[in-house]
Amino acid sequence: MMRLVPGADTTASALNAERIKLEAISQNIANANVTDAPGGGPYQRKEVVFESIINEAISSGSGNGVNPSSVKAKITTDSNNDGPQIYDPEHPHADDAGYVQMPNVNIHEEMVNMILASRSYEANLAAMKYGRRMATQTLSIGR
Amino acid sequence: MDAIGQATQFAQTAMDMANRVARQQAEDPSTLIPQDLQDQAAQIQERFTADTTPIPITETGNAGSAFSQMVGKLVADVSVKQTEAGQAWQGVLSGQGVPLHQAVIASEEAAVSFQLMVEVRNKLMESFQELMRMQA
């Protein structure tokens with residue numbers, strides 16, 4: 001199959017990874033106040049790390065010397081840090097001392113991560129756009 | 001016979017031939033074009049005016065030349081890309097979990113490859129018309 005738009009597959013994988021990241025961030029924000037998550041205890045924030053994988057299908061097809069590595073998003077659970085404990089004896093999830101363990105989600109951090117994810121998405125969209133433009137411009141040589 | 005006589009006779013013969021060709025052309029221009037060239041032109045026209053149905057690679061005409069096969073494959077590839085884009089959009093719109101960017105990228109690729117096909121067609125037609133102009 002011919003590949004006319006340079007880097008389309010790699011960019012597509014990166015866009016997908018950013019999408020997954022944004023999904024995890026919105027999940028964190030949505031669960032920022034959940035004190036009873038499935039499995040007991042407060043909600044633990046999800047963290048997305050990106051991995052580079054060599055896409056054999058693209059490497060064999062491109063033949064231009066570049067080994068395209070696609071991006072893969074991996075969702076991990078951040079269980080190292082504990083959230084704050086607040087004193088609220090009336091709370092149904094309070095312990096014997098009257099403290100409630102809150103999720104380890106920092107909403108400011110999540111907002112910053114959201115902007116970062118959105119900007120990275122934008123950068124990949126720009127790469128896609130210019131790849132398409134290059135292909136179109138090349139075709140216009142004959143005109 | 002002297003040289004002038006020979007030249008006159010040659011000129012006479014050439015004029016006769018030219019007249020015959022002109023008459024034939026006036027009656028039916030297509031008789032001047034070899035039949036196999038006409039067949040090829042008809043095939044090319046048929047292939048490019050055919051609607052969206054995908055063209056199987058195996059049926060690229062009796063010419064069997066590498067070039068016609070290549071063009072046939074190009075058209076088939078473009079058709080496949082269009083189908084893929086359509087499926088991706090269907091997947092997005094019917095909620096099958098296909099990410100939006102995948103559908104848009106598939107559409108873009110289909111558009112660019114279609115543009116490539118059109119450019120190839122234009123070049124082919126250009127050279128064909130150049131050939132036709134040689135007759136006149």
# chains A, B, ... in the order shown; residues from 1 in each chain; ligands from 1

$ interface_residues --of "chain A" --to "chain B" --cutoff "8 Å" --atoms "only C-alpha atoms" --output "PyMOL selection string"
chain A and resi 1-2+4-5+8+12+15-16+132+135-136+139+142

$ residues_around --residues "Val105 in chain A" --least-positions-apart "5" --cutoff "8 Å" --atoms "only C-alpha atoms" --output "ChimeraX atom specification"
/A:28-29,32,44-45,83,110

$ write_last_selection --atoms "N, CA and C atoms" --output "PDB file, in the first residue's frame"
ATOM      1  N   ASN A  28      -9.038  11.428  36.328  1.00  0.00           N
ATOM      2  CA  ASN A  28      -8.483  11.903  37.593  1.00  0.00           C
ATOM      3  C   ASN A  28      -9.293  13.065  38.143  1.00  0.00           C
ATOM      4  N   ILE A  29      -9.623  14.018  37.262  1.00  0.00           N
ATOM      5  CA  ILE A  29     -10.375  15.190  37.724  1.00  0.00           C
ATOM      6  C   ILE A  29     -11.770  14.767  38.189  1.00  0.00           C
ATOM      7  N   ALA A  32     -11.646  13.226  41.671  1.00  0.00           N
ATOM      8  CA  ALA A  32     -10.785  13.951  42.612  1.00  0.00           C
ATOM      9  C   ALA A  32     -11.303  13.896  44.042  1.00  0.00           C
ATOM     10  N   GLN A  44      -7.062   6.324  43.411  1.00  0.00           N
ATOM     11  CA  GLN A  44      -5.645   6.603  43.164  1.00  0.00           C
ATOM     12  C   GLN A  44      -5.486   7.102  41.748  1.00  0.00           C
ATOM     13  N   ARG A  45      -4.731   8.191  41.635  1.00  0.00           N
ATOM     14  CA  ARG A  45      -4.671   8.847  40.330  1.00  0.00           C
ATOM     15  C   ARG A  45      -3.977   7.974  39.287  1.00  0.00           C
ATOM     16  N   GLY A  83      -2.753  10.847  49.361  1.00  0.00           N
ATOM     17  CA  GLY A  83      -3.421  12.137  49.357  1.00  0.00           C
ATOM     18  C   GLY A  83      -3.494  12.703  50.762  1.00  0.00           C
ATOM     19  N   GLU A 110      -3.303  18.467  37.506  1.00  0.00           N
ATOM     20  CA  GLU A 110      -4.064  17.855  36.415  1.00  0.00           C
ATOM     21  C   GLU A 110      -4.389  18.880  35.336  1.00  0.00           C
TER      22      GLU A 110
END

$ residues_around --residues "Lys21 in chain A" --least-positions-apart "3" --cutoff "8 Å" --atoms "only C-alpha atoms" --output "PyMOL selection string"
chain A and resi 17-18+24-25+47-48+73+117

$ atom_distance --atom1 "CA of Lys46 in chain A" --atom2 "CA of Ile20 in chain A"
11.0 Å

$ select_by_dssp --residues "chain A" --states "helix (DSSP H, G or I)" --output "ChimeraX atom specification"
/A:8-30,56-62,107-142

$ select_by_dssp --residues "chain A" --states "strand (DSSP E)" --output "PyMOL selection string"
chain A and resi 46-54+69-77+85-87+99-101

$ write_last_selection --atoms "N, CA and C atoms" --output "PDB file, in the first residue's frame"
ATOM      1  N   LYS A  46      -4.489   8.096  38.048  1.00  0.00           N
ATOM      2  CA  LYS A  46      -3.909   7.356  36.925  1.00  0.00           C
ATOM      3  C   LYS A  46      -2.853   8.238  36.271  1.00  0.00           C
ATOM      4  N   GLU A  47      -1.769   7.591  35.918  1.00  0.00           N
ATOM      5  CA  GLU A  47      -0.711   8.325  35.240  1.00  0.00           C
ATOM      6  C   GLU A  47      -0.454   7.640  33.904  1.00  0.00           C
ATOM      7  N   VAL A  48      -0.218   8.443  32.868  1.00  0.00           N
ATOM      8  CA  VAL A  48       0.035   7.878  31.545  1.00  0.00           C
ATOM      9  C   VAL A  48       1.493   8.098  31.193  1.00  0.00           C
ATOM     10  N   VAL A  49       2.172   6.996  30.849  1.00  0.00           N
ATOM     11  CA  VAL A  49       3.551   7.125  30.358  1.00  0.00           C
ATOM     12  C   VAL A  49       3.570   6.670  28.904  1.00  0.00           C
ATOM     13  N   PHE A  50       4.436   7.314  28.134  1.00  0.00           N
ATOM     14  CA  PHE A  50       4.518   6.995  26.711  1.00  0.00           C
ATOM     15  C   PHE A  50       5.686   6.061  26.455  1.00  0.00           C
ATOM     16  N   GLU A  51       5.437   5.096  25.570  1.00  0.00           N
ATOM     17  CA  GLU A  51       6.487   4.165  25.183  1.00  0.00           C
ATOM     18  C   GLU A  51       6.657   4.233  23.673  1.00  0.00           C
ATOM     19  N   SER A  52       7.874   3.992  23.243  1.00  0.00           N
ATOM     20  CA  SER A  52       8.149   3.985  21.806  1.00  0.00           C
ATOM     21  C   SER A  52       8.216   2.544  21.331  1.00  0.00           C
ATOM     22  N   ILE A  53       7.445   2.235  20.297  1.00  0.00           N
ATOM     23  CA  ILE A  53       7.511   0.880  19.752  1.00  0.00           C
ATOM     24  C   ILE A  53       7.862   0.969  18.276  1.00  0.00           C
ATOM     25  N   ILE A  54       8.669   0.011  17.846  1.00  0.00           N
ATOM     26  CA  ILE A  54       9.046  -0.035  16.432  1.00  0.00           C
ATOM     27  C   ILE A  54       7.926  -0.751  15.680  1.00  0.00           C
ATOM     28  N   SER A  69       9.169   4.911  14.702  1.00  0.00           N
ATOM     29  CA  SER A  69       8.741   4.321  15.961  1.00  0.00           C
ATOM     30  C   SER A  69       7.434   4.973  16.389  1.00  0.00           C
ATOM     31  N   SER A  70       6.442   4.146  16.605  1.00  0.00           N
ATOM     32  CA  SER A  70       5.148   4.653  17.012  1.00  0.00           C
ATOM     33  C   SER A  70       5.117   4.867  18.512  1.00  0.00           C
ATOM     34  N   VAL A  71       4.175   5.651  18.951  1.00  0.00           N
ATOM     35  CA  VAL A  71       4.031   5.954  20.368  1.00  0.00           C
ATOM     36  C   VAL A  71       2.899   5.105  20.932  1.00  0.00           C
ATOM     37  N   LYS A  72       3.153   4.573  22.105  1.00  0.00           N
ATOM     38  CA  LYS A  72       2.120   3.781  22.757  1.00  0.00           C
ATOM     39  C   LYS A  72       1.923   4.337  24.165  1.00  0.00           C
ATOM     40  N   ALA A  73       0.690   4.554  24.532  1.00  0.00           N
ATOM     41  CA  ALA A  73       0.402   5.079  25.866  1.00  0.00           C
ATOM     42  C   ALA A  73       0.160   3.915  26.825  1.00  0.00           C
ATOM     43  N   LYS A  74       0.717   4.052  28.016  1.00  0.00           N
ATOM     44  CA  LYS A  74       0.544   3.002  29.013  1.00  0.00           C
ATOM     45  C   LYS A  74      -0.001   3.663  30.281  1.00  0.00           C
ATOM     46  N   ILE A  75      -1.110   3.157  30.755  1.00  0.00           N
ATOM     47  CA  ILE A  75      -1.730   3.740  31.941  1.00  0.00           C
ATOM     48  C   ILE A  75      -1.212   3.014  33.179  1.00  0.00           C
ATOM     49  N   THR A  76      -0.658   3.798  34.104  1.00  0.00           N
ATOM     50  CA  THR A  76      -0.211   3.206  35.365  1.00  0.00           C
ATOM     51  C   THR A  76      -0.964   3.896  36.504  1.00  0.00           C
ATOM     52  N   THR A  77      -1.003   3.238  37.632  1.00  0.00           N
ATOM     53  CA  THR A  77      -1.670   3.809  38.794  1.00  0.00           C
ATOM     54  C   THR A  77      -0.618   4.325  39.768  1.00  0.00           C
ATOM     55  N   GLN A  85      -5.003  13.916  54.346  1.00  0.00           N
ATOM     56  CA  GLN A  85      -6.027  13.420  55.273  1.00  0.00           C
ATOM     57  C   GLN A  85      -6.745  14.627  55.844  1.00  0.00           C
ATOM     58  N   ILE A  86      -8.061  14.584  55.785  1.00  0.00           N
ATOM     59  CA  ILE A  86      -8.783  15.718  56.381  1.00  0.00           C
ATOM     60  C   ILE A  86      -9.631  15.206  57.547  1.00  0.00           C
ATOM     61  N   TYR A  87      -9.739  16.079  58.516  1.00  0.00           N
ATOM     62  CA  TYR A  87     -10.483  15.700  59.731  1.00  0.00           C
ATOM     63  C   TYR A  87     -11.962  15.976  59.505  1.00  0.00           C
ATOM     64  N   TYR A  99     -10.451  10.839  60.702  1.00  0.00           N
ATOM     65  CA  TYR A  99      -9.770  11.361  59.508  1.00  0.00           C
ATOM     66  C   TYR A  99     -10.262  10.633  58.253  1.00  0.00           C
ATOM     67  N   VAL A 100     -10.372  11.406  57.154  1.00  0.00           N
ATOM     68  CA  VAL A 100     -10.753  10.829  55.865  1.00  0.00           C
ATOM     69  C   VAL A 100      -9.545  10.916  54.940  1.00  0.00           C
ATOM     70  N   GLN A 101      -9.208   9.774  54.352  1.00  0.00           N
ATOM     71  CA  GLN A 101      -8.104   9.757  53.389  1.00  0.00           C
ATOM     72  C   GLN A 101      -8.634  10.207  52.028  1.00  0.00           C
TER      73      GLN A 101
END

$ closest_residue --among "B:Ser107, B:Gln43, B:Gln129, B:Gln82" --to "Ser68 in chain B" --atoms "only C-alpha atoms"
B:Gln43

$ atom_distance --atom1 "CA of Val34 in chain A" --atom2 "CA of His93 in chain A"
10.3 Å

$ atom_distance --atom1 "CA of Leu22 in chain A" --atom2 "CA of Glu122 in chain A"
12.8 Å

$ residues_around --residues "Thr11 in chain A" --least-positions-apart "6" --cutoff "8 Å" --atoms "only C-alpha atoms" --output "VMD selection string"
chain A and resid 70 124 to 125 127 to 128
